[in-house]
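Written out below as structure tokens is the structure these notes cover.
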Amino acid sequence: AQSVSQHNHHVILSEAASLELGCNYSYGGTVNLFWYVQYPGQHLQLLLKYFSGDPLVKGIKGFEAEFIKSKFSFNLRKPSVQWSDTAEYFCAVTPTSGTYKYIFGTGTRLKVLA
Amino acid sequence: GAVVSQHPSRVICKSGTSVKIECRSLDFQATTMFWYRQFPKQSLMLMATSNEGSKATYEQGVEKDKFLINHASLTLSTLTVTSAHPEDSSFYICSAPLRGANVLTFGAGSRLTVL
């Protein structure tokens, strides 16, 4: 069955620390990959996406993610977090066959201490 | 940018009553919308795909008679939770695809509490 795993459920960091959130997926075919962020009280917003090409994807607010096909992973990184990055982060996968049926991970709640 | 508006953001109702949640695409048309449900500390689970002018497509295990979906226009989809029970309490989120961008844009969600 298709699934997305986010192993870190809660992460607490101090400002300026580096961040890496894990995302692994299980799917037999080619996929599109996404990271969404949900700030407190707000809707899900797209951070970045990977469809094809360069496996290192840069998104908004200094975030980046690397697609490693052999590991079925799409980890999110940021070199130096800020207090304003406190939010919940969701990894999502959808087949490349034109469907918008996303499969989401369980989310990682990040808290950045000022 | 493209926005999906969801209303109400919070609703409390008594057991046995029905609740309607609206999802509107602002400034763009959406022939398809998606309804998700999110339990505390869990992932977003796709409930159904709402199709303008035709019946919704429900995911396995989702009761179509309980969660009525209507997509009456190119900018509006509604989810009605019928005869709500406490176990229906959850966070419901709608989304719509942005054509040409191959991504979904999400509403802010509606938190339903059934007493």
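Scheme for the structure tokens: letters A, B, ... for chains in order shown; per-chain residue numbers from 1; ligand numbers from 1 in order shown.
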
Pick out the chain B residues within 8 Å of chain A. Count only C-alpha atoms. Give them as a compact mmCIF listing (two decimals) with C-alpha atoms, in the first residue's frame.
```
# COMPACT_ATOMS: atom_id res chain seq x y z
CA LYS B 41 -1.70 13.87 15.72
CA GLN B 42 -2.51 12.00 12.55
CA SER B 43 -2.13 12.57 8.88
CA LEU B 44 -4.61 14.11 6.51
CA MET B 45 -6.79 11.35 5.12
CA LEU B 46 -8.49 11.82 1.79
CA PRO B 97 -5.83 21.88 -7.69
CA ASN B 102 0.15 20.51 -10.49
CA VAL B 103 -0.24 21.41 -6.84
CA LEU B 104 -3.11 21.61 -4.41
CA THR B 105 -4.09 24.73 -2.55
CA PHE B 106 -5.81 24.18 0.77
CA GLY B 107 -8.52 25.81 2.76
CA ALA B 108 -7.90 26.74 6.38
CA GLY B 109 -10.01 23.84 7.60
```

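Going from atom CA of Lys61 of chain A over to atom CA of Tyr92 of chain B, you cover 27.2 Å.
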
Quick one: distance from atom CA of Val93 of chain A to atom CA of Ile93 of chain B in Å, one decimal? 17.4 Å

In Å, with one decimal, what is the gap from atom CA of Met33 of chain B to atom CA of Thr75 of chain B?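 A separation of 9.2 Å between them.
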